[in-house]
Amino acid sequence: MDIRNYILNYVASQPKLAPFVIQALIQVIAKITKLGWFEVQKDQFVFREIIADVKKFLQGTVEHCIIGVIILSELTQEMNLVDYSRPSAKHRKIATSFRDTSLKDVLVLACSLLKEVFAKPLNLQDQCQQNLVMQVLKLVLNCLNFDFIGSSADESADDLCTVQIPTTWRTIFLEPETLDLFFNLYHSLPPLLSQLALSCLVQFASTRRSLFNSPERAKYLGNLIKGVKRILENPQGLSDPGNYHEFCRFLARLKTNYQLGELVMVKEYPEVIRLIANFTITSLQHWEFAPNSVHYLLTLWQRMVASVPFVKSTEPHLLDTYAPEITKAFITSRLDSVAIVVRDHLDDPLDDTATVFQQLEQLCTVSRCEYEKTCALLVQLFDQNAQNYQKLLHPYSGVTVDITIQEGRLAWLVYLVGTVVGGRLTYTSTDEHDAMDGELSCRVFQLISLMDTGLPRCCNEKIELAILWFLDQFRKTYVGDQLQRTSKVYARMSEVLGITDDNHVLETFMTKIVTNLKYWGRYEPVISRTLQFLNDLSVGYILLKKLVKIDAVKFMLKNHTSEHFPFLGISDNHSLSDFRCRTTFYTALTRLLMVDLGEDEDEFENFMLPLTVAFETVLQIFNNNFKQEDVKRMLIGLARDLRGIAFALNTKTSYTMLFDWMLYKRYPTYLPLLQNAVERWYGEPTCTTPILKLMAELMQNRSQRLNFDVSSPNGILLFREASKMVCTYGNQILSLGSLSKDQIYPMKLKGISICYSALKSALCGNYVSFGVFKLYGDNHFDNVLQAFVKMLLSVSHSDLLQYRKLSQSYYPLLECLTQDHMSFIINLEPPVLMYVLTSISEGLTTLDTVVSSSCCTSLDYIVTYLFKHIAKEGKKPLRCREATQAGQRLLHFMQQNPDVLQQMMSVLMNTIVFEDCRNQWSVSRPLLGLILLNEKYFSELRASLINSQPLPKQEVLAQCFRNLMEGVEQNLSVKNRDRFTQNLSVFRRDVAEALRSDGNTEPCSLDMMS
């Protein structure tokens, strides 16, 4: 308190300090106030007097007034800021108390300051006055951005946001003067400040619907619409990009929070929808100005059009008039932009595919409103541009500016046709609409033929990517199991192209895929998108049955070599990262192979022949004088190819064919070759990662494909090879020494996480009897466990949790080890065991439920083992002495380090009492064992929590703890655990209710969490 008062007095006496100094001092005031929010002195919450203290600043000079406003603004932000190093329940209790006791007063104070400022003639040349207005607007915005209900809304979902204004604020929002104030400020202030006023209006427009009754909501919406109309009638301020962006957000929020039926009932709706349409058209035509803001305008129109079928009002919505104009403006503006982009060498919007796809997906709904107009426009533009393009190609004299422009326009048109065809799934469709889709699709299929006949002489990457977008949209809409064969889309296509049904379309698809793979080998984006399209086609069984009858598919299955498909080559033209697409290719190809393969091993051998030849080639040159880069590229390609094949083999019969090919018919050549590659190039992740991922895929017992016959040693053989690979990599990677922060994950931790994932698949796959290894003196199992320990000890605890893929492979692996291999865990050296237990303790508090649940399960197995050992101590016969000694080691370790389990009990109790516990069942399982093993410490924790509360609550909490253990016995049987889990659920609810009621003390974390 003294520190806070000292800083307040200091900034009051030194108002002209440098801004960054004042800001830092105010942050300290805000943090102290938040931490001491529940502190009581002489029956008063002393830190809550901050607002009264600030009012003294507001009565002083302009500089003092600015400092006072900044203090309130910083305090509001600090109260809303989640500190993940502290229990979230503490933060919510403080934030909720601030919301209920002070935030409304802060908002009212800020609005009154704005009214005072606006009532006087503004001298915006005065920097102090301008700064004051800016700080007050920021304060209002911070109040409206407050997380009122603890939802921690995802900022990426900006257009879906609803502001959960408290009911006690209704009076502020019902006053028309409140909205009028901010609209007036927008029109009066310069752009830097008017942008903040608009940001506040965005939040006002996002107010939750339930704050008002129906008449109040209609009146509030009417005021918002009047404000929109006023801004659009005086659009000078929108020339500023900041104002323009906030106004677009404002328009989008109108439809997010109000229904179309409510909007059309507003008196000014017809005029306002006309103004918004004109504003949208103008915005689309000026495509180079604030392109990121167009998203919000398209969101508005998309939601408006999507709501049309649900409007019950008799008032006209007028969207059938304006939606086609919006679509037309988008189409023509994008076509007109091409010439400017090419001639002025600007950044091409088509290169930003993420934005293009997002805008097209929004447009697809809008375009289907009055579809006849959109279709007629696209047909006219497509015919005109296609004819111009053909004239430029005959005779072809190389790429010219005119050809580049025409190709850019055609690319946009193909994207747009794909978009409107895909819009069939989002809007009510008729047979006439399907016929129109056929008209448009005919033209794209004709363009495909034209472009493919010109390969490889003339080609355009942007058109190819647009064609693949169109084909994918057509596939989703008109090719599939649910589609009726009588669709009118094929009527026109059968006349022009001879395409009568989806079988013919599939033939066209596959011909296009083969053509792309043949001629576009050097263009990774085209190859990648083509293979993704092939992969999507190969997922459905009914489609697969149709695909395998197509000649192009038969050709691919028999000729998947670099001779026919250059992207499978190893030349320097391909970067190593481009090899990733080979996995997708072989996954799709193998699915096609499996349709009619059955048990035909000869057919499988023929399919694998190109890979066999590649392996034999590598074997011959690996140990001779060879060009390292070529061999490395061949091995990377082979690893990615085999991983794709293994991923697609989900039956025992088909997987066994691959297993035999790798481990029997050519054993011991292929897998040892990959192991040698890992040993040689362990410091090059581009080489080791594909090989390790292949091994991890081979170890996956998906769909029980690895359940070999009882007489088969395949499971053991596979594990031995995996053990060698993991041990080789583990021993080699540790020799790299210390790595920089930016190198440690790609160079080391990524490989370790893949090894852990492979090991976990083996341990949980249920296809290896691990007891066999010890019985017959085979050390492969022991070796891989030692490699696991060595790699683990080279990783810091912070890295274990910081890198998500590493934590999600390590903790499930640890769960498997504690479940089935406790003998390994309890025989670990004390420092190693301490490392493992510490990693569990730290993982319990993580927000990742996969990790925290695995930690709970691992801890449960350890605690259960320890409890059972203690329960049976002294009752075991001599033949169990070895097991008893192992249990004694664990018991001795725990006795030497009692704080380990106590810390974890404290963590779990904090999670139950104070945190948003998302995996309560998992937390409950180890907690019972911890309580039974540490009853004394549990009593201390219980007393600590009870005594931290005011007297009226203490008896309530004591009863909660008594109810928690009611009916719970001193054992860990399933029945007893279930009873405890049920009690814990009731306990958590009752404690939350007890702590939620107003009290004079801040909830106190349990001892060790402080």
# chains A, B, ... in the order shown; residues from 1 in each chain; ligands from 1
$ residues_around --residues "region 382-388 of chain A" --least-positions-apart "5" --cutoff "12 Å" --atoms "only C-alpha atoms" --output "compact mmCIF listing (two decimals) with C-alpha atoms, in the first residue's frame"
# COMPACT_ATOMS: atom_id res chain seq x y z
CA ILE A 331 -15.82 -10.37 -60.69
CA THR A 332 -15.14 -7.29 -62.83
CA LEU A 335 -10.45 -9.08 -63.90
CA CYS A 375 -24.11 -17.11 -64.65
CA ALA A 376 -24.88 -14.96 -67.71
CA LEU A 377 -22.10 -12.54 -66.77
CA LEU A 393 -1.82 -18.29 -79.08
CA HIS A 394 -2.15 -18.71 -82.84
CA ASP A 402 -0.90 -9.42 -73.48
CA ILE A 403 -0.75 -13.20 -73.05
CA THR A 404 0.20 -12.83 -69.37
CA ILE A 405 -2.76 -10.48 -68.81
CA GLN A 406 -5.14 -12.81 -70.61
CA GLU A 407 -3.89 -15.80 -68.61
CA GLY A 408 -4.36 -13.87 -65.36
CA ARG A 409 -7.96 -13.02 -66.32
CA LEU A 410 -8.67 -16.64 -67.24
CA ALA A 411 -7.22 -17.81 -63.91
CA TRP A 412 -9.62 -15.51 -62.06
CA LEU A 413 -12.54 -16.68 -64.18
CA VAL A 414 -11.78 -20.35 -63.50
CA TYR A 415 -11.55 -19.63 -59.76
CA LEU A 416 -14.89 -17.82 -59.97
CA VAL A 417 -16.61 -20.60 -61.89
CA GLU A 439 -22.85 -24.36 -69.04
CA LEU A 440 -20.04 -22.87 -66.96
CA SER A 441 -18.30 -26.19 -66.33
CA CYS A 442 -18.24 -26.96 -70.08
CA ARG A 443 -16.10 -23.93 -70.65
CA VAL A 444 -13.58 -24.84 -67.96
CA GLN A 446 -12.71 -27.01 -72.76
CA LEU A 447 -10.02 -24.70 -71.36
CA ILE A 448 -8.37 -27.73 -69.71
CA LEU A 450 -6.75 -26.25 -74.70
CA MET A 451 -4.10 -25.79 -71.99
$ residues_around --residues "region 628-642 of chain A" --least-positions-apart "2" --cutoff "7 Å" --atoms "only C-alpha atoms" --output "list in words"
Ile570, Phe579, Arg580, Arg582, Thr583, Tyr586, Leu611, Val618, Phe626, Gly644, Ile645, Ala646, Cys687, Pro690, Ile691 and Leu694 of chain A
$ write_last_selection --atoms "all heavy atoms" --output "short mmCIF file (atom, residue, chain, number, x, y, z; two decimals), in the first residue's frame"
data_model
loop_
_atom_site.label_atom_id
_atom_site.label_comp_id
_atom_site.auth_asym_id
_atom_site.auth_seq_id
_atom_site.Cartn_x
_atom_site.Cartn_y
_atom_site.Cartn_z
N ILE A 570 15.35 -37.50 -58.67
CA ILE A 570 16.22 -37.03 -57.57
C ILE A 570 17.14 -35.91 -58.02
O ILE A 570 18.13 -35.61 -57.36
CB ILE A 570 17.07 -38.19 -57.02
CG1 ILE A 570 17.97 -38.76 -58.13
CG2 ILE A 570 16.21 -39.25 -56.40
CD1 ILE A 570 19.07 -39.65 -57.63
N PHE A 579 10.02 -33.35 -51.63
CA PHE A 579 9.83 -34.80 -51.61
C PHE A 579 8.63 -35.20 -50.76
O PHE A 579 8.16 -36.33 -50.84
CB PHE A 579 11.09 -35.48 -51.06
CG PHE A 579 12.22 -35.58 -52.06
CD1 PHE A 579 12.41 -34.60 -53.01
CD2 PHE A 579 13.09 -36.66 -52.04
CE1 PHE A 579 13.45 -34.68 -53.92
CE2 PHE A 579 14.13 -36.76 -52.95
CZ PHE A 579 14.32 -35.75 -53.90
N ARG A 580 8.14 -34.27 -49.93
CA ARG A 580 7.02 -34.62 -49.04
C ARG A 580 5.80 -35.08 -49.81
O ARG A 580 5.03 -35.91 -49.35
CB ARG A 580 6.64 -33.40 -48.18
CG ARG A 580 7.69 -33.03 -47.16
CD ARG A 580 7.32 -31.75 -46.45
NE ARG A 580 8.39 -31.31 -45.54
CZ ARG A 580 8.47 -30.13 -45.00
NH1 ARG A 580 7.54 -29.23 -45.26
NH2 ARG A 580 9.45 -29.81 -44.19
N ARG A 582 5.60 -36.94 -52.23
CA ARG A 582 5.66 -38.34 -52.66
C ARG A 582 4.87 -39.24 -51.71
O ARG A 582 4.30 -40.25 -52.13
CB ARG A 582 7.12 -38.79 -52.73
CG ARG A 582 7.90 -38.06 -53.80
CD ARG A 582 9.38 -38.36 -53.79
NE ARG A 582 9.69 -39.76 -54.04
CZ ARG A 582 10.80 -40.19 -54.64
NH1 ARG A 582 11.68 -39.30 -55.07
NH2 ARG A 582 11.03 -41.46 -54.81
N THR A 583 4.84 -38.89 -50.42
CA THR A 583 4.07 -39.69 -49.46
C THR A 583 2.59 -39.65 -49.84
O THR A 583 1.91 -40.68 -49.84
CB THR A 583 4.27 -39.13 -48.04
OG1 THR A 583 5.67 -39.14 -47.73
CG2 THR A 583 3.53 -39.98 -47.01
N TYR A 586 1.93 -41.86 -53.00
CA TYR A 586 1.92 -43.31 -52.80
C TYR A 586 0.78 -43.76 -51.87
O TYR A 586 0.30 -44.89 -51.98
CB TYR A 586 3.27 -43.79 -52.28
CG TYR A 586 4.19 -44.14 -53.42
CD1 TYR A 586 5.17 -43.23 -53.86
CD2 TYR A 586 4.08 -45.34 -54.11
CE1 TYR A 586 6.00 -43.53 -54.93
CE2 TYR A 586 4.90 -45.64 -55.18
CZ TYR A 586 5.85 -44.74 -55.59
OH TYR A 586 6.66 -45.04 -56.66
N LEU A 611 10.42 -49.45 -56.58
CA LEU A 611 11.09 -49.24 -55.30
C LEU A 611 12.17 -50.29 -55.07
O LEU A 611 13.23 -50.01 -54.52
CB LEU A 611 10.07 -49.29 -54.15
CG LEU A 611 9.23 -48.01 -53.96
CD1 LEU A 611 8.08 -47.98 -54.97
CD2 LEU A 611 8.67 -47.93 -52.55
N VAL A 618 20.76 -48.27 -54.71
CA VAL A 618 21.41 -47.66 -53.56
C VAL A 618 22.37 -48.65 -52.92
O VAL A 618 23.50 -48.30 -52.53
CB VAL A 618 20.36 -47.18 -52.54
CG1 VAL A 618 21.04 -46.70 -51.26
CG2 VAL A 618 19.52 -46.07 -53.13
N PHE A 626 30.83 -43.03 -54.20
CA PHE A 626 29.52 -42.60 -54.68
C PHE A 626 29.32 -41.12 -54.42
O PHE A 626 29.99 -40.51 -53.58
CB PHE A 626 28.41 -43.40 -54.02
CG PHE A 626 28.32 -43.18 -52.53
CD1 PHE A 626 27.49 -42.20 -52.00
CD2 PHE A 626 29.07 -43.95 -51.65
CE1 PHE A 626 27.41 -41.98 -50.65
CE2 PHE A 626 28.99 -43.73 -50.29
CZ PHE A 626 28.17 -42.75 -49.78
N GLY A 644 4.14 -43.63 -47.34
CA GLY A 644 2.83 -43.46 -47.97
C GLY A 644 2.15 -44.79 -48.20
O GLY A 644 0.95 -44.94 -47.96
N ILE A 645 2.93 -45.79 -48.65
CA ILE A 645 2.37 -47.13 -48.88
C ILE A 645 1.91 -47.74 -47.56
O ILE A 645 0.80 -48.27 -47.44
CB ILE A 645 3.42 -48.03 -49.57
CG1 ILE A 645 3.71 -47.52 -50.99
CG2 ILE A 645 2.96 -49.48 -49.60
CD1 ILE A 645 4.89 -48.17 -51.66
N ALA A 646 2.77 -47.68 -46.54
CA ALA A 646 2.43 -48.27 -45.24
C ALA A 646 1.20 -47.61 -44.63
O ALA A 646 0.37 -48.29 -44.00
CB ALA A 646 3.62 -48.14 -44.28
N CYS A 687 17.27 -35.82 -43.85
CA CYS A 687 17.46 -37.23 -44.17
C CYS A 687 16.89 -38.13 -43.07
O CYS A 687 16.19 -39.11 -43.36
CB CYS A 687 18.95 -37.52 -44.36
SG CYS A 687 19.31 -39.23 -44.79
N PRO A 690 12.50 -38.36 -42.43
CA PRO A 690 11.66 -39.27 -43.22
C PRO A 690 11.88 -40.74 -42.85
O PRO A 690 10.93 -41.53 -42.83
CB PRO A 690 12.10 -39.00 -44.67
CG PRO A 690 12.72 -37.66 -44.65
CD PRO A 690 13.34 -37.52 -43.31
N ILE A 691 13.15 -41.11 -42.56
CA ILE A 691 13.43 -42.51 -42.21
C ILE A 691 12.80 -42.87 -40.87
O ILE A 691 12.18 -43.94 -40.71
CB ILE A 691 14.96 -42.76 -42.21
CG1 ILE A 691 15.53 -42.57 -43.62
CG2 ILE A 691 15.28 -44.14 -41.67
CD1 ILE A 691 17.04 -42.63 -43.70
N LEU A 694 9.09 -43.18 -41.21
CA LEU A 694 8.76 -44.47 -41.83
C LEU A 694 8.73 -45.56 -40.77
O LEU A 694 7.79 -46.37 -40.70
CB LEU A 694 9.76 -44.81 -42.93
CG LEU A 694 9.72 -46.26 -43.45
CD1 LEU A 694 8.37 -46.57 -44.07
CD2 LEU A 694 10.86 -46.52 -44.44
#
$ select_by_dssp --residues "region 152-301 of chain A" --states "helix (DSSP H, G or I)" --output "ChimeraX atom specification"
/A:155-160,167-174,176-188,191-205,209-211,214-233,235-239,241-257,260-263,269-285,291-301
$ write_last_selection --atoms "C-alpha atoms" --output "tab-separated table (two decimals), in the first residue's frame"
chain	number	residue	atom	x	y	z
A	155	GLU	CA	-9.13	-13.07	-31.28
A	156	SER	CA	-8.82	-14.92	-34.59
A	157	ALA	CA	-12.61	-15.38	-34.53
A	158	ASP	CA	-13.13	-11.61	-34.59
A	159	ASP	CA	-16.24	-11.70	-36.74
A	160	LEU	CA	-18.03	-14.08	-34.36
A	167	THR	CA	-27.27	-6.48	-17.11
A	168	THR	CA	-26.51	-3.63	-14.69
A	169	TRP	CA	-25.18	-1.61	-17.64
A	170	ARG	CA	-28.55	-1.59	-19.49
A	171	THR	CA	-29.32	2.00	-18.57
A	172	ILE	CA	-26.11	3.24	-20.22
A	173	PHE	CA	-26.87	1.39	-23.45
A	174	LEU	CA	-30.55	2.31	-23.55
A	176	PRO	CA	-29.61	7.18	-27.22
A	177	GLU	CA	-27.12	9.85	-26.16
A	178	THR	CA	-24.48	7.15	-25.58
A	179	LEU	CA	-24.37	6.01	-29.22
A	180	ASP	CA	-24.85	9.56	-30.49
A	181	LEU	CA	-21.81	10.66	-28.49
A	182	PHE	CA	-19.48	8.24	-30.28
A	183	PHE	CA	-20.97	8.88	-33.73
A	184	ASN	CA	-20.52	12.63	-33.12
A	185	LEU	CA	-16.95	12.07	-31.96
A	186	TYR	CA	-16.22	10.10	-35.14
A	187	HIS	CA	-17.41	12.98	-37.31
A	188	SER	CA	-15.57	15.63	-35.23
A	191	PRO	CA	-8.50	10.09	-38.26
A	192	LEU	CA	-6.19	8.84	-35.50
A	193	LEU	CA	-8.88	9.56	-32.90
A	194	SER	CA	-11.99	8.87	-34.98
A	195	GLN	CA	-10.63	5.35	-35.56
A	196	LEU	CA	-10.82	4.76	-31.79
A	197	ALA	CA	-14.39	6.09	-31.72
A	198	LEU	CA	-15.31	3.59	-34.44
A	199	SER	CA	-13.60	0.77	-32.50
A	200	CYS	CA	-15.86	1.63	-29.55
A	201	LEU	CA	-18.90	1.56	-31.86
A	202	VAL	CA	-17.86	-1.91	-33.08
A	203	GLN	CA	-18.15	-3.12	-29.48
A	204	PHE	CA	-21.47	-1.30	-29.01
A	205	ALA	CA	-22.80	-3.06	-32.13
A	209	ARG	CA	-29.00	-9.53	-27.81
A	210	SER	CA	-30.37	-10.65	-24.45
A	211	LEU	CA	-29.43	-7.34	-22.82
A	214	SER	CA	-37.62	-6.84	-28.31
A	215	PRO	CA	-38.79	-3.18	-28.45
A	216	GLU	CA	-35.56	-1.99	-26.82
A	217	ARG	CA	-33.49	-4.07	-29.24
A	218	ALA	CA	-35.36	-2.63	-32.24
A	219	LYS	CA	-34.81	0.91	-30.95
A	220	TYR	CA	-31.10	0.26	-30.29
A	221	LEU	CA	-30.66	-1.26	-33.75
A	222	GLY	CA	-32.47	1.72	-35.26
A	223	ASN	CA	-29.96	4.07	-33.66
A	224	LEU	CA	-27.06	2.01	-34.99
A	225	ILE	CA	-28.54	2.04	-38.50
A	226	LYS	CA	-29.04	5.81	-38.34
A	227	GLY	CA	-25.38	6.16	-37.43
A	228	VAL	CA	-24.35	3.94	-40.37
A	229	LYS	CA	-26.48	6.02	-42.71
A	230	ARG	CA	-24.90	9.24	-41.45
A	231	ILE	CA	-21.37	7.88	-41.96
A	232	LEU	CA	-22.13	6.65	-45.49
A	233	GLU	CA	-23.76	9.95	-46.44
A	235	PRO	CA	-17.90	9.27	-46.30
A	236	GLN	CA	-14.91	11.64	-46.19
A	237	GLY	CA	-13.48	10.02	-43.04
A	238	LEU	CA	-13.47	6.58	-44.67
A	239	SER	CA	-10.58	7.59	-46.91
A	241	PRO	CA	-7.40	3.10	-43.94
A	242	GLY	CA	-7.84	2.78	-40.17
A	243	ASN	CA	-11.34	4.28	-40.21
A	244	TYR	CA	-12.24	2.23	-43.27
A	245	HIS	CA	-11.14	-1.03	-41.62
A	246	GLU	CA	-13.04	-0.34	-38.38
A	247	PHE	CA	-16.17	0.67	-40.29
A	248	CYS	CA	-16.05	-2.62	-42.25
A	249	ARG	CA	-15.80	-4.49	-38.94
A	250	PHE	CA	-18.74	-2.43	-37.66
A	251	LEU	CA	-20.91	-3.46	-40.63
A	252	ALA	CA	-20.02	-7.14	-40.21
A	253	ARG	CA	-20.96	-7.04	-36.52
A	254	LEU	CA	-24.45	-5.76	-37.40
A	255	LYS	CA	-25.34	-9.06	-39.05
A	256	THR	CA	-23.48	-11.11	-36.44
A	257	ASN	CA	-25.72	-9.86	-33.65
A	260	LEU	CA	-32.10	-10.12	-41.19
A	261	GLY	CA	-35.77	-10.08	-40.15
A	262	GLU	CA	-34.93	-7.41	-37.55
A	263	LEU	CA	-32.83	-5.35	-39.96
A	269	TYR	CA	-33.23	-0.14	-44.05
A	270	PRO	CA	-33.96	0.35	-47.81
A	271	GLU	CA	-31.78	3.47	-47.97
A	272	VAL	CA	-29.04	2.03	-45.79
A	273	ILE	CA	-28.79	-1.29	-47.69
A	274	ARG	CA	-28.46	0.77	-50.90
A	275	LEU	CA	-25.68	2.84	-49.36
A	276	ILE	CA	-23.91	-0.27	-48.00
A	277	ALA	CA	-24.15	-1.93	-51.43
A	278	ASN	CA	-22.66	1.14	-53.13
A	279	PHE	CA	-19.94	1.32	-50.48
A	280	THR	CA	-19.14	-2.39	-51.01
A	281	ILE	CA	-19.04	-2.01	-54.78
A	282	THR	CA	-16.71	0.99	-54.49
A	283	SER	CA	-14.50	-0.93	-52.04
A	284	LEU	CA	-14.27	-3.93	-54.38
A	285	GLN	CA	-13.41	-1.71	-57.32
A	291	PRO	CA	-7.49	-5.42	-49.04
A	292	ASN	CA	-7.72	-7.05	-45.59
A	293	SER	CA	-10.91	-5.13	-44.84
A	294	VAL	CA	-12.88	-6.65	-47.74
A	295	HIS	CA	-13.23	-9.83	-45.65
A	296	TYR	CA	-15.67	-8.06	-43.31
A	297	LEU	CA	-17.81	-6.68	-46.13
A	298	LEU	CA	-18.07	-10.09	-47.77
A	299	THR	CA	-18.90	-11.60	-44.35
A	300	LEU	CA	-21.82	-9.16	-44.07
A	301	TRP	CA	-23.23	-10.02	-47.49
$ residues_around --residues "Val968 (chain A)" --least-positions-apart "2" --cutoff "12 Å" --atoms "only C-alpha atoms" --output "list in words"
Leu928, Gly929, Ile931, Leu932, Arg962, Asn963, Leu964, Met965, Glu966, Gln970, Asn971, Leu972, Ser973, Val974, Lys975, Asn976, Arg977, Asp978, Arg979, Phe980, Thr981, Gln982, Asn983 and Leu984 of chain A
$ write_last_selection --atoms "N, CA and C atoms" --output "mmCIF file, in the first residue's frame"
data_model
loop_
_atom_site.group_PDB
_atom_site.id
_atom_site.type_symbol
_atom_site.label_atom_id
_atom_site.label_comp_id
_atom_site.auth_asym_id
_atom_site.auth_seq_id
_atom_site.Cartn_x
_atom_site.Cartn_y
_atom_site.Cartn_z
ATOM 1 N N LEU A 928 -6.699 -40.333 -5.032
ATOM 2 C CA LEU A 928 -7.071 -41.207 -3.912
ATOM 3 C C LEU A 928 -5.840 -41.925 -3.366
ATOM 4 N N GLY A 929 -5.008 -42.477 -4.263
ATOM 5 C CA GLY A 929 -3.793 -43.167 -3.816
ATOM 6 C C GLY A 929 -2.861 -42.232 -3.066
ATOM 7 N N ILE A 931 -3.702 -39.573 -1.353
ATOM 8 C CA ILE A 931 -4.293 -39.276 -0.041
ATOM 9 C C ILE A 931 -4.049 -40.434 0.925
ATOM 10 N N LEU A 932 -4.237 -41.667 0.444
ATOM 11 C CA LEU A 932 -4.055 -42.828 1.310
ATOM 12 C C LEU A 932 -2.590 -43.002 1.712
ATOM 13 N N ARG A 962 -15.210 -33.578 4.742
ATOM 14 C CA ARG A 962 -15.740 -34.797 5.367
ATOM 15 C C ARG A 962 -16.551 -35.609 4.346
ATOM 16 N N ASN A 963 -17.343 -34.904 3.534
ATOM 17 C CA ASN A 963 -18.140 -35.586 2.506
ATOM 18 C C ASN A 963 -17.260 -36.237 1.445
ATOM 19 N N LEU A 964 -16.090 -35.612 1.189
ATOM 20 C CA LEU A 964 -15.174 -36.157 0.182
ATOM 21 C C LEU A 964 -14.741 -37.587 0.517
ATOM 22 N N MET A 965 -14.446 -37.855 1.756
ATOM 23 C CA MET A 965 -13.938 -39.166 2.153
ATOM 24 C C MET A 965 -15.037 -40.077 2.718
ATOM 25 N N GLU A 966 -16.296 -39.632 2.634
ATOM 26 C CA GLU A 966 -17.388 -40.446 3.170
ATOM 27 C C GLU A 966 -17.581 -41.710 2.327
ATOM 28 N N GLN A 970 -9.942 -47.867 2.817
ATOM 29 C CA GLN A 970 -8.475 -47.777 2.726
ATOM 30 C C GLN A 970 -7.937 -48.782 1.699
ATOM 31 N N ASN A 971 -8.435 -48.717 0.478
ATOM 32 C CA ASN A 971 -7.918 -49.593 -0.577
ATOM 33 C C ASN A 971 -8.103 -48.913 -1.923
ATOM 34 N N LEU A 972 -7.516 -49.508 -2.968
ATOM 35 C CA LEU A 972 -7.578 -48.926 -4.319
ATOM 36 C C LEU A 972 -8.339 -49.834 -5.276
ATOM 37 N N SER A 973 -9.371 -50.494 -4.785
ATOM 38 C CA SER A 973 -10.209 -51.308 -5.666
ATOM 39 C C SER A 973 -10.978 -50.397 -6.619
ATOM 40 N N VAL A 974 -11.415 -50.962 -7.733
ATOM 41 C CA VAL A 974 -12.132 -50.171 -8.739
ATOM 42 C C VAL A 974 -13.395 -49.556 -8.134
ATOM 43 N N LYS A 975 -14.107 -50.353 -7.331
ATOM 44 C CA LYS A 975 -15.341 -49.868 -6.706
ATOM 45 C C LYS A 975 -15.050 -48.678 -5.785
ATOM 46 N N ASN A 976 -13.959 -48.782 -5.001
ATOM 47 C CA ASN A 976 -13.609 -47.708 -4.078
ATOM 48 C C ASN A 976 -13.177 -46.455 -4.831
ATOM 49 N N ARG A 977 -12.427 -46.641 -5.930
ATOM 50 C CA ARG A 977 -12.002 -45.505 -6.763
ATOM 51 C C ARG A 977 -13.223 -44.782 -7.334
ATOM 52 N N ASP A 978 -14.176 -45.565 -7.838
ATOM 53 C CA ASP A 978 -15.367 -44.949 -8.437
ATOM 54 C C ASP A 978 -16.149 -44.151 -7.401
ATOM 55 N N ARG A 979 -16.217 -44.671 -6.180
ATOM 56 C CA ARG A 979 -16.907 -43.940 -5.119
ATOM 57 C C ARG A 979 -16.199 -42.607 -4.841
ATOM 58 N N PHE A 980 -14.864 -42.640 -4.796
ATOM 59 C CA PHE A 980 -14.092 -41.422 -4.550
ATOM 60 C C PHE A 980 -14.290 -40.420 -5.694
ATOM 61 N N THR A 981 -14.303 -40.923 -6.926
ATOM 62 C CA THR A 981 -14.498 -40.041 -8.088
ATOM 63 C C THR A 981 -15.844 -39.331 -8.005
ATOM 64 N N GLN A 982 -16.887 -40.069 -7.603
ATOM 65 C CA GLN A 982 -18.208 -39.454 -7.455
ATOM 66 C C GLN A 982 -18.185 -38.397 -6.345
ATOM 67 N N ASN A 983 -17.565 -38.742 -5.227
ATOM 68 C CA ASN A 983 -17.469 -37.782 -4.118
ATOM 69 C C ASN A 983 -16.711 -36.525 -4.540
ATOM 70 N N LEU A 984 -15.658 -36.732 -5.338
ATOM 71 C CA LEU A 984 -14.822 -35.600 -5.749
ATOM 72 C C LEU A 984 -15.603 -34.634 -6.632
#
$ residues_around --residues "region 365-371 of chain A" --least-positions-apart "2" --cutoff "8 Å" --atoms "only C-alpha atoms" --output "ChimeraX atom specification"
/A:301-302,305-306,319-320,323-324,326-327,361-363,373-375,420,423-424,426-427,433
$ closest_residue --among "A:Asn783, A:Ser944, A:Asn766, A:Ser823" --to "Asn910 (chain A)" --atoms "only C-alpha atoms"
A:Ser944
$ closest_residue --among "A:Val21, A:Met822, A:Met79, A:Val923" --to "Gly36 (chain A)" --atoms "only C-alpha atoms"
A:Met79
$ residues_around --residues "region 88-104 of chain A" --least-positions-apart "5" --cutoff "7 Å" --atoms "only C-alpha atoms" --output "list of chain:residue names"
A:Trp37, A:Met79, A:Asn80, A:Val82, A:Cys143, A:Gly150, A:Trp169, A:Phe914, A:Glu915, A:Pro1003
$ closest_residue --among "A:Arg889, A:Arg529, A:His797, A:His821" --to "Lys462 (chain A)" --atoms "only C-alpha atoms"
A:Arg529
$ closest_residue --among "A:Asp452, A:Glu49, A:Asp351, A:Asp899" --to "Trp520 (chain A)" --atoms "only C-alpha atoms"
A:Asp452
